[in-house]
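Undergrad: First, the structure itself, so that you have it in front of you.
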Amino acid sequence: MKAQSGAEDRTGTVRERRSQFELEWLGGPAASRLRRRRPGVERLPWGTLDLSGFTPEALLEARRVWTNGAFTEYASAAGFTALATALLESGAPIDLVAAAADCAVDEMLHAELAARLVMELGGAAPFLVDLEKVSPVTSEGARPLLRAAELALKISCVGESLSVPALTTSLRGADQPLPRAVLRRLLRDEGPHARIGDWFFAWAAEKLSAEDRAHLGAVARAAIEVYVPSERASCDCRPPAALGGVLPVDQRALLAEAVRTKVIPGLARHGIDATVQ
Ligand SMILES: [Fe+2]
Ligand SMILES: [Fe+2]
């Protein structure tokens with residue numbers, strides 16, 4: 001995830017707008033409602049982590065992975081919320097709008113699971129964010145349908161499609177019951193999240209012009225660049241696989257492969273060319 005920079009005020013001083021990422025839990029009726037809608041969280045094997053075989057450095061890497069994971073889930077909730085809003089403004093079908101909003105609820109549950117796992121690992125790693133910038137941006141002046149298309153493409157066709165192989169790889173390496181159970185729960189929901197983009201483009205097919213599709217190809221290429229980090233952007237960190245970590249070099253290779261075999265062919269089926277030119 002890219003670091004967000006501070007804004008410059010009138011005196012030219014850069015103001016730091018980021019702060020440590022933290023999540024709160026309200027409890028009461030709000031919590032009961034979420035538990036009724038998404039049951040089973042309390043049955044996960046909380047309290048079973050055995051951290052005795054890990055160095056402090058390895059544990060810090062694991063805390064970084066899952067702190068980043070909690071934020072990624074939170075940002076995905078912002079993404080699906082923006083998509084639901086753009087769909088509403090486009091007059092999209094009831095069930096499609098409801099599916100996007102429902103995905104946002106899934107993502108908040110995922111944020112909770114990742115955050116609880118972080119707490120069991122010893123607490124959040126330092127992670128600065130500017131939550132005012134958490135929602136995805138769309139092209140200025142674009143009509144609602146094109147904004148919805150940009151969001152469906154970036155969030156579902158690219159982002160969620162890549163999260164499925166990334167989580168599958170993490171699950172393969174994880175060997176303790178809690179990270180395995182959390183990863184399995186995340187994976188269960190990510191499949192439908194990756195398909196909502198296809199549902200959108202099936203509905204919007206007749207409403208998008210050749211010019212729209214050319215524009216969406218450029219949006220897709222930019223999104224792919226964000227999701228698949230370059231070699232230079234990579235760190236030399238070694239998060240422990242047993243706790244859900246994947247080496248950056250392996251992560252990059254598997255994401256690049258998923259772009260080639262899943263994302264680009266998927267978008268091509270909707271007349272969107274995302275091949276690097
Ligand atoms: Fe998620
Ligand atoms: Fe998701």
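Identifiers for the structure tokens are assigned positionally: chains receive A, B, ... in sequence, residues are indexed from 1 per chain, and ligands are indexed from 1 in the order shown.
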Quick one: residues within 9 Å of ligand 2, with only C-alpha atoms and all ligand atoms, as an mmCIF file with N, CA and C atoms, in the first residue's frame?
TA:
data_model
loop_
_atom_site.group_PDB
_atom_site.id
_atom_site.type_symbol
_atom_site.label_atom_id
_atom_site.label_comp_id
_atom_site.auth_asym_id
_atom_site.auth_seq_id
_atom_site.Cartn_x
_atom_site.Cartn_y
_atom_site.Cartn_z
ATOM 1 N N GLU A 73 -8.744 -4.628 4.355
ATOM 2 C CA GLU A 73 -10.157 -5.004 4.461
ATOM 3 C C GLU A 73 -11.029 -3.755 4.674
ATOM 4 N N SER A 76 -11.318 -1.958 1.523
ATOM 5 C CA SER A 76 -12.235 -2.664 0.616
ATOM 6 C C SER A 76 -13.684 -2.322 0.963
ATOM 7 N N ALA A 77 -13.968 -2.177 2.269
ATOM 8 C CA ALA A 77 -15.330 -1.774 2.671
ATOM 9 C C ALA A 77 -15.648 -0.395 2.112
ATOM 10 N N PHE A 80 -16.383 -0.892 -1.682
ATOM 11 C CA PHE A 80 -17.714 -1.430 -2.006
ATOM 12 C C PHE A 80 -18.823 -0.432 -1.653
ATOM 13 N N CYS A 103 -21.332 -6.713 0.288
ATOM 14 C CA CYS A 103 -19.881 -6.974 0.260
ATOM 15 C C CYS A 103 -19.163 -6.049 1.243
ATOM 16 N N ALA A 104 -19.649 -4.800 1.381
ATOM 17 C CA ALA A 104 -19.027 -3.862 2.332
ATOM 18 C C ALA A 104 -19.133 -4.418 3.756
ATOM 19 N N ASP A 106 -19.328 -7.647 4.542
ATOM 20 C CA ASP A 106 -18.317 -8.731 4.609
ATOM 21 C C ASP A 106 -16.953 -8.153 4.956
ATOM 22 N N GLU A 107 -16.597 -7.064 4.278
ATOM 23 C CA GLU A 107 -15.248 -6.514 4.459
ATOM 24 C C GLU A 107 -15.045 -5.976 5.872
ATOM 25 N N HIS A 110 -14.257 -8.878 7.889
ATOM 26 C CA HIS A 110 -12.859 -9.281 7.649
ATOM 27 C C HIS A 110 -11.898 -8.371 8.415
ATOM 28 N N ILE A 155 -12.147 -2.446 -8.056
ATOM 29 C CA ILE A 155 -12.366 -3.140 -6.780
ATOM 30 C C ILE A 155 -12.561 -4.639 -6.995
ATOM 31 N N SER A 156 -13.440 -4.987 -7.935
ATOM 32 C CA SER A 156 -13.803 -6.400 -8.088
ATOM 33 C C SER A 156 -12.930 -7.113 -9.124
ATOM 34 N N GLY A 159 -8.861 -5.892 -7.964
ATOM 35 C CA GLY A 159 -8.471 -6.055 -6.556
ATOM 36 C C GLY A 159 -8.915 -7.372 -5.945
ATOM 37 N N GLU A 160 -10.203 -7.650 -6.002
ATOM 38 C CA GLU A 160 -10.710 -8.871 -5.365
ATOM 39 C C GLU A 160 -10.248 -10.120 -6.111
ATOM 40 N N SER A 161 -10.133 -10.012 -7.437
ATOM 41 C CA SER A 161 -9.645 -11.169 -8.216
ATOM 42 C C SER A 161 -8.226 -11.531 -7.809
ATOM 43 N N SER A 163 -6.982 -10.860 -4.776
ATOM 44 C CA SER A 163 -6.923 -11.236 -3.367
ATOM 45 C C SER A 163 -7.189 -12.736 -3.191
ATOM 46 N N VAL A 164 -7.933 -13.350 -4.113
ATOM 47 C CA VAL A 164 -8.209 -14.795 -3.987
ATOM 48 C C VAL A 164 -6.906 -15.618 -4.053
ATOM 49 N N LEU A 186 -12.027 -15.504 5.225
ATOM 50 C CA LEU A 186 -11.871 -14.417 4.256
ATOM 51 C C LEU A 186 -12.080 -14.955 2.836
ATOM 52 N N LEU A 187 -11.446 -16.105 2.563
ATOM 53 C CA LEU A 187 -11.520 -16.672 1.211
ATOM 54 C C LEU A 187 -12.940 -17.024 0.795
ATOM 55 N N ASP A 189 -15.606 -15.488 1.296
ATOM 56 C CA ASP A 189 -16.341 -14.333 0.785
ATOM 57 C C ASP A 189 -15.712 -13.715 -0.455
ATOM 58 N N GLU A 190 -14.385 -13.902 -0.635
ATOM 59 C CA GLU A 190 -13.709 -13.149 -1.695
ATOM 60 C C GLU A 190 -14.118 -13.624 -3.097
ATOM 61 N N GLY A 191 -14.527 -14.888 -3.220
ATOM 62 C CA GLY A 191 -14.961 -15.385 -4.534
ATOM 63 C C GLY A 191 -16.105 -14.537 -5.102
ATOM 64 N N PRO A 192 -17.234 -14.411 -4.364
ATOM 65 C CA PRO A 192 -18.318 -13.549 -4.851
ATOM 66 C C PRO A 192 -17.892 -12.091 -5.030
ATOM 67 N N HIS A 193 -16.982 -11.613 -4.174
ATOM 68 C CA HIS A 193 -16.523 -10.222 -4.321
ATOM 69 C C HIS A 193 -15.839 -10.039 -5.677
ATOM 70 N N ALA A 194 -15.136 -11.078 -6.104
ATOM 71 C CA ALA A 194 -14.412 -10.982 -7.378
ATOM 72 C C ALA A 194 -15.363 -11.100 -8.567
#
Undergrad: Pick out the residues sitting within 12 Å of Arg147 in chain A, and hand them over as JSON, numbers by chain; count only C-alpha atoms, and ignore anything fewer than 3 positions along from it in its own chain.
TA: {"A": [79, 82, 83, 84, 85, 86, 87, 88, 89, 90, 136, 137, 138, 139, 140, 141, 142, 143, 144, 150, 151, 152, 153, 154, 155, 200, 204, 208, 212, 215, 216, 219]}
Undergrad: Just write the chosen residues, C-alpha atoms, as a PDB file, in the first residue's frame.
TA:
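selection18.pdb, freshly written:
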ATOM      1  CA  GLY A  79     -14.518   0.640  -2.008  1.00  0.00           C
ATOM      2  CA  ALA A  82     -18.457   3.817  -3.033  1.00  0.00           C
ATOM      3  CA  LEU A  83     -19.505   1.223  -5.624  1.00  0.00           C
ATOM      4  CA  ALA A  84     -22.946   0.834  -4.022  1.00  0.00           C
ATOM      5  CA  THR A  85     -23.391   4.629  -4.074  1.00  0.00           C
ATOM      6  CA  ALA A  86     -22.346   4.902  -7.740  1.00  0.00           C
ATOM      7  CA  LEU A  87     -24.703   2.020  -8.615  1.00  0.00           C
ATOM      8  CA  LEU A  88     -27.570   3.816  -6.849  1.00  0.00           C
ATOM      9  CA  GLU A  89     -26.766   7.000  -8.786  1.00  0.00           C
ATOM     10  CA  SER A  90     -26.767   4.930 -12.017  1.00  0.00           C
ATOM     11  CA  PRO A 136     -11.263   5.111  -4.137  1.00  0.00           C
ATOM     12  CA  VAL A 137     -11.143   8.029  -6.559  1.00  0.00           C
ATOM     13  CA  THR A 138     -12.861   8.055  -9.943  1.00  0.00           C
ATOM     14  CA  SER A 139     -12.277  10.215 -13.028  1.00  0.00           C
ATOM     15  CA  GLU A 140     -13.406  13.799 -12.478  1.00  0.00           C
ATOM     16  CA  GLY A 141     -16.581  14.689 -14.370  1.00  0.00           C
ATOM     17  CA  ALA A 142     -17.381  11.052 -15.296  1.00  0.00           C
ATOM     18  CA  ARG A 143     -21.106  10.215 -15.371  1.00  0.00           C
ATOM     19  CA  PRO A 144     -22.408   7.898 -12.596  1.00  0.00           C
ATOM     20  CA  GLU A 150     -14.374   2.267 -12.898  1.00  0.00           C
ATOM     21  CA  LEU A 151     -15.108   1.146  -9.340  1.00  0.00           C
ATOM     22  CA  ALA A 152     -16.428  -2.306 -10.332  1.00  0.00           C
ATOM     23  CA  LEU A 153     -13.328  -2.804 -12.429  1.00  0.00           C
ATOM     24  CA  LYS A 154     -10.763  -1.618  -9.869  1.00  0.00           C
ATOM     25  CA  ILE A 155     -12.366  -3.140  -6.780  1.00  0.00           C
ATOM     26  CA  PHE A 200     -22.078  -5.211 -13.285  1.00  0.00           C
ATOM     27  CA  ALA A 204     -24.069  -2.331 -18.262  1.00  0.00           C
ATOM     28  CA  LEU A 208     -20.957   1.548 -22.372  1.00  0.00           C
ATOM     29  CA  ASP A 212     -15.853   4.208 -22.400  1.00  0.00           C
ATOM     30  CA  HIS A 215     -10.983   4.637 -21.015  1.00  0.00           C
ATOM     31  CA  LEU A 216     -11.670   1.617 -18.769  1.00  0.00           C
ATOM     32  CA  VAL A 219      -8.089   2.550 -15.674  1.00  0.00           C
TER      33      VAL A 219
END
Undergrad: Figure out the distance between CA of Thr261 in chain A and CA of Gly217 in chain A, please, to one decimal in Å.
TA: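 Distance reported for this atom pair: 16.6 Å.
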Undergrad: Record the distance separating CA of Leu117 in chain A and CA of Pro165 in chain A, expressed in Å with one decimal.
TA: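 Between CA of Leu117 in chain A and CA of Pro165 in chain A the gap works out to 20.7 Å.
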Undergrad: Within 7 Å of Pro239 in chain A, counting only C-alpha atoms, which residues show up once you throw out same-chain ones fewer than 6 positions away? Write them as a ChimeraX atom specification, please.
TA: /A:58,61-62,245-247
Undergrad: Take the residues from that selection and write them out as a CSV table (one decimal), in the first residue's frame, keeping C-alpha atoms.
TA:
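Final file, result_8.csv:
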chain,number,residue,atom,x,y,z
A,58,ALA,CA,9.4,-12.5,13.0
A,61,GLU,CA,6.7,-9.0,10.6
A,62,ALA,CA,3.5,-11.0,11.3
A,245,GLY,CA,2.9,-14.3,5.7
A,246,VAL,CA,4.1,-14.6,2.1
A,247,LEU,CA,7.6,-13.5,0.9
Undergrad: With distances taken over only C-alpha atoms, which residue among A:Met108, A:Leu113, A:Ala214, A:Leu60 lies nearest Arg184 in chain A?
TA: A:Leu113
Undergrad: CA of Pro177 in chain A to CA of Glu57 in chain A: how many Å, to one decimal?
TA: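 Separation between CA of Pro177 in chain A and CA of Glu57 in chain A: 21.7 Å.
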Undergrad: Got a sec to tell me which of range 87-268 of chain A DSSP assigns to alpha helix (DSSP H), as a VMD selection string?
TA: chain A and resid 87 to 89 94 to 121 144 to 151 161 to 173 177 to 204 210 to 227 248 to 258 264 to 268
Undergrad: Could you write out that same residue set with C-alpha atoms as a JSON list (two decimals), in the first residue's frame?
TA:
[["chain", "number", "residue", "atom", "x", "y", "z"],
["A", 87, "LEU", "CA", -24.70, 2.02, -8.62],
["A", 88, "LEU", "CA", -27.57, 3.82, -6.85],
["A", 89, "GLU", "CA", -26.77, 7.00, -8.79],
["A", 94, "ILE", "CA", -31.91, -3.57, -6.82],
["A", 95, "ASP", "CA", -30.14, -6.89, -6.33],
["A", 96, "LEU", "CA", -26.87, -5.61, -7.80],
["A", 97, "VAL", "CA", -26.86, -2.57, -5.49],
["A", 98, "ALA", "CA", -27.71, -4.79, -2.51],
["A", 99, "ALA", "CA", -24.87, -7.19, -3.39],
["A", 100, "ALA", "CA", -22.32, -4.34, -3.43],
["A", 101, "ALA", "CA", -23.55, -3.01, -0.07],
["A", 102, "ASP", "CA", -23.52, -6.55, 1.37],
["A", 103, "CYS", "CA", -19.88, -6.97, 0.26],
["A", 104, "ALA", "CA", -19.03, -3.86, 2.33],
["A", 105, "VAL", "CA", -20.44, -5.64, 5.41],
["A", 106, "ASP", "CA", -18.32, -8.73, 4.61],
["A", 107, "GLU", "CA", -15.25, -6.51, 4.46],
["A", 108, "MET", "CA", -15.95, -4.94, 7.87],
["A", 109, "LEU", "CA", -16.20, -8.44, 9.30],
["A", 110, "HIS", "CA", -12.86, -9.28, 7.65],
["A", 111, "ALA", "CA", -11.37, -6.11, 9.18],
["A", 112, "GLU", "CA", -12.59, -7.32, 12.58],
["A", 113, "LEU", "CA", -11.08, -10.80, 12.10],
["A", 114, "ALA", "CA", -7.71, -9.41, 10.97],
["A", 115, "ALA", "CA", -7.68, -6.90, 13.84],
["A", 116, "ARG", "CA", -8.47, -9.59, 16.43],
["A", 117, "LEU", "CA", -5.70, -11.77, 15.02],
["A", 118, "VAL", "CA", -3.31, -8.79, 15.28],
["A", 119, "MET", "CA", -4.25, -8.38, 18.93],
["A", 120, "GLU", "CA", -3.44, -12.06, 19.55],
["A", 121, "LEU", "CA", -0.06, -11.50, 17.86],
["A", 144, "PRO", "CA", -22.41, 7.90, -12.60],
["A", 145, "LEU", "CA", -22.44, 4.79, -14.81],
["A", 146, "LEU", "CA", -18.83, 5.29, -15.85],
["A", 147, "ARG", "CA", -17.84, 5.92, -12.22],
["A", 148, "ALA", "CA", -19.60, 2.69, -11.25],
["A", 149, "ALA", "CA", -17.74, 0.91, -14.07],
["A", 150, "GLU", "CA", -14.37, 2.27, -12.90],
["A", 151, "LEU", "CA", -15.11, 1.15, -9.34],
["A", 161, "SER", "CA", -9.65, -11.17, -8.22],
["A", 162, "LEU", "CA", -6.06, -10.81, -7.02],
["A", 163, "SER", "CA", -6.92, -11.24, -3.37],
["A", 164, "VAL", "CA", -8.21, -14.80, -3.99],
["A", 165, "PRO", "CA", -4.81, -16.25, -5.12],
["A", 166, "ALA", "CA", -2.98, -14.13, -2.51],
["A", 167, "LEU", "CA", -5.11, -15.53, 0.33],
["A", 168, "THR", "CA", -4.91, -19.06, -1.10],
["A", 169, "THR", "CA", -1.10, -18.86, -0.98],
["A", 170, "SER", "CA", -1.17, -17.52, 2.59],
["A", 171, "LEU", "CA", -3.49, -20.36, 3.61],
["A", 172, "ARG", "CA", -1.20, -22.96, 2.05],
["A", 173, "GLY", "CA", 1.72, -21.79, 4.21],
["A", 177, "PRO", "CA", -5.45, -23.19, 13.53],
["A", 178, "LEU", "CA", -6.27, -19.50, 14.06],
["A", 179, "PRO", "CA", -4.62, -17.93, 10.99],
["A", 180, "ARG", "CA", -5.91, -20.87, 8.92],
["A", 181, "ALA", "CA", -9.48, -20.35, 10.18],
["A", 182, "VAL", "CA", -9.32, -16.58, 9.57],
["A", 183, "LEU", "CA", -7.87, -17.02, 6.07],
["A", 184, "ARG", "CA", -10.51, -19.65, 5.21],
["A", 185, "ARG", "CA", -13.28, -17.29, 6.36],
["A", 186, "LEU", "CA", -11.87, -14.42, 4.26],
["A", 187, "LEU", "CA", -11.52, -16.67, 1.21],
["A", 188, "ARG", "CA", -15.11, -17.87, 1.50],
["A", 189, "ASP", "CA", -16.34, -14.33, 0.78],
["A", 190, "GLU", "CA", -13.71, -13.15, -1.69],
["A", 191, "GLY", "CA", -14.96, -15.38, -4.53],
["A", 192, "PRO", "CA", -18.32, -13.55, -4.85],
["A", 193, "HIS", "CA", -16.52, -10.22, -4.32],
["A", 194, "ALA", "CA", -14.41, -10.98, -7.38],
["A", 195, "ARG", "CA", -17.53, -11.76, -9.45],
["A", 196, "ILE", "CA", -19.65, -8.67, -8.75],
["A", 197, "GLY", "CA", -17.67, -6.79, -11.42],
["A", 198, "ASP", "CA", -18.80, -9.36, -14.01],
["A", 199, "TRP", "CA", -22.41, -8.98, -12.85],
["A", 200, "PHE", "CA", -22.08, -5.21, -13.28],
["A", 201, "PHE", "CA", -20.58, -5.42, -16.79],
["A", 202, "ALA", "CA", -23.24, -7.95, -17.88],
["A", 203, "TRP", "CA", -25.91, -5.39, -16.89],
["A", 204, "ALA", "CA", -24.07, -2.33, -18.26],
["A", 210, "ALA", "CA", -16.28, 2.04, -27.35],
["A", 211, "GLU", "CA", -14.79, 5.24, -25.94],
["A", 212, "ASP", "CA", -15.85, 4.21, -22.40],
["A", 213, "ARG", "CA", -14.20, 0.81, -22.87],
["A", 214, "ALA", "CA", -10.95, 2.37, -24.09],
["A", 215, "HIS", "CA", -10.98, 4.64, -21.01],
["A", 216, "LEU", "CA", -11.67, 1.62, -18.77],
["A", 217, "GLY", "CA", -8.70, -0.21, -20.31],
["A", 218, "ALA", "CA", -6.44, 2.63, -19.13],
["A", 219, "VAL", "CA", -8.09, 2.55, -15.67],
["A", 220, "ALA", "CA", -7.47, -1.20, -15.49],
["A", 221, "ARG", "CA", -3.79, -0.88, -16.44],
["A", 222, "ALA", "CA", -3.28, 1.76, -13.73],
["A", 223, "ALA", "CA", -5.08, -0.42, -11.16],
["A", 224, "ILE", "CA", -2.95, -3.45, -12.03],
["A", 225, "GLU", "CA", 0.20, -1.37, -11.48],
["A", 226, "VAL", "CA", -1.03, -0.44, -8.01],
["A", 227, "TYR", "CA", -1.88, -4.01, -7.02],
["A", 248, "PRO", "CA", 7.29, -10.29, -1.26],
["A", 249, "VAL", "CA", 9.06, -11.97, -4.18],
["A", 250, "ASP", "CA", 6.57, -14.88, -4.15],
["A", 251, "GLN", "CA", 3.66, -12.47, -3.71],
["A", 252, "ARG", "CA", 4.72, -10.43, -6.74],
["A", 253, "ALA", "CA", 5.13, -13.54, -8.91],
["A", 254, "LEU", "CA", 1.74, -14.97, -7.99],
["A", 255, "LEU", "CA", -0.04, -11.63, -8.52],
["A", 256, "ALA", "CA", 1.63, -11.15, -11.93],
["A", 257, "GLU", "CA", 0.53, -14.68, -12.91],
["A", 258, "ALA", "CA", -3.05, -14.01, -11.75],
["A", 264, "ILE", "CA", -6.76, -9.60, -18.28],
["A", 265, "PRO", "CA", -8.84, -12.44, -19.86],
["A", 266, "GLY", "CA", -11.77, -11.58, -17.53],
["A", 267, "LEU", "CA", -11.79, -7.95, -18.62],
["A", 268, "ALA", "CA", -11.34, -8.91, -22.27]]
Undergrad: Which one is closest to ligand 1: A:Gly69, A:Gly123, A:Gly244, A:Gly271? Count only C-alpha atoms and all ligand atoms.
TA: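 So, comparing all the options, the nearest one is A:Gly69.
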Undergrad: Between A:Ile272, A:Ala78, A:Leu243, A:Ala205, which one has atoms that come closest to ligand 1, using only C-alpha atoms and all ligand atoms?
TA: A:Ala78
Undergrad: Show me, as a PDB file with N, CA and C atoms, in the first residue's frame, the residues that have an atom within 7 Å of Asp130 in chain A when counting only C-alpha atoms, minus same-chain residues fewer than 3 positions from it.
TA:
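Wrote it out as selection33.pdb, contents follow:
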ATOM      1  N   GLN A   4       0.663   7.661   2.218  1.00  0.00           N
ATOM      2  CA  GLN A   4      -0.020   8.898   1.863  1.00  0.00           C
ATOM      3  C   GLN A   4       0.768  10.065   2.429  1.00  0.00           C
ATOM      4  N   ARG A  17      -1.146  14.474   8.086  1.00  0.00           N
ATOM      5  CA  ARG A  17      -2.566  14.164   8.265  1.00  0.00           C
ATOM      6  C   ARG A  17      -2.776  12.707   8.615  1.00  0.00           C
ATOM      7  N   ARG A  18      -1.692  11.964   8.625  1.00  0.00           N
ATOM      8  CA  ARG A  18      -1.862  10.545   8.894  1.00  0.00           C
ATOM      9  C   ARG A  18      -1.776  10.266  10.386  1.00  0.00           C
ATOM     10  N   SER A  19      -2.456   9.215  10.798  1.00  0.00           N
ATOM     11  CA  SER A  19      -2.317   8.793  12.194  1.00  0.00           C
ATOM     12  C   SER A  19      -2.357   7.269  12.236  1.00  0.00           C
ATOM     13  N   LYS A 133      -8.695   9.748   2.937  1.00  0.00           N
ATOM     14  CA  LYS A 133      -8.375   9.329   1.561  1.00  0.00           C
ATOM     15  C   LYS A 133      -8.645   7.848   1.335  1.00  0.00           C
TER      16      LYS A 133
END
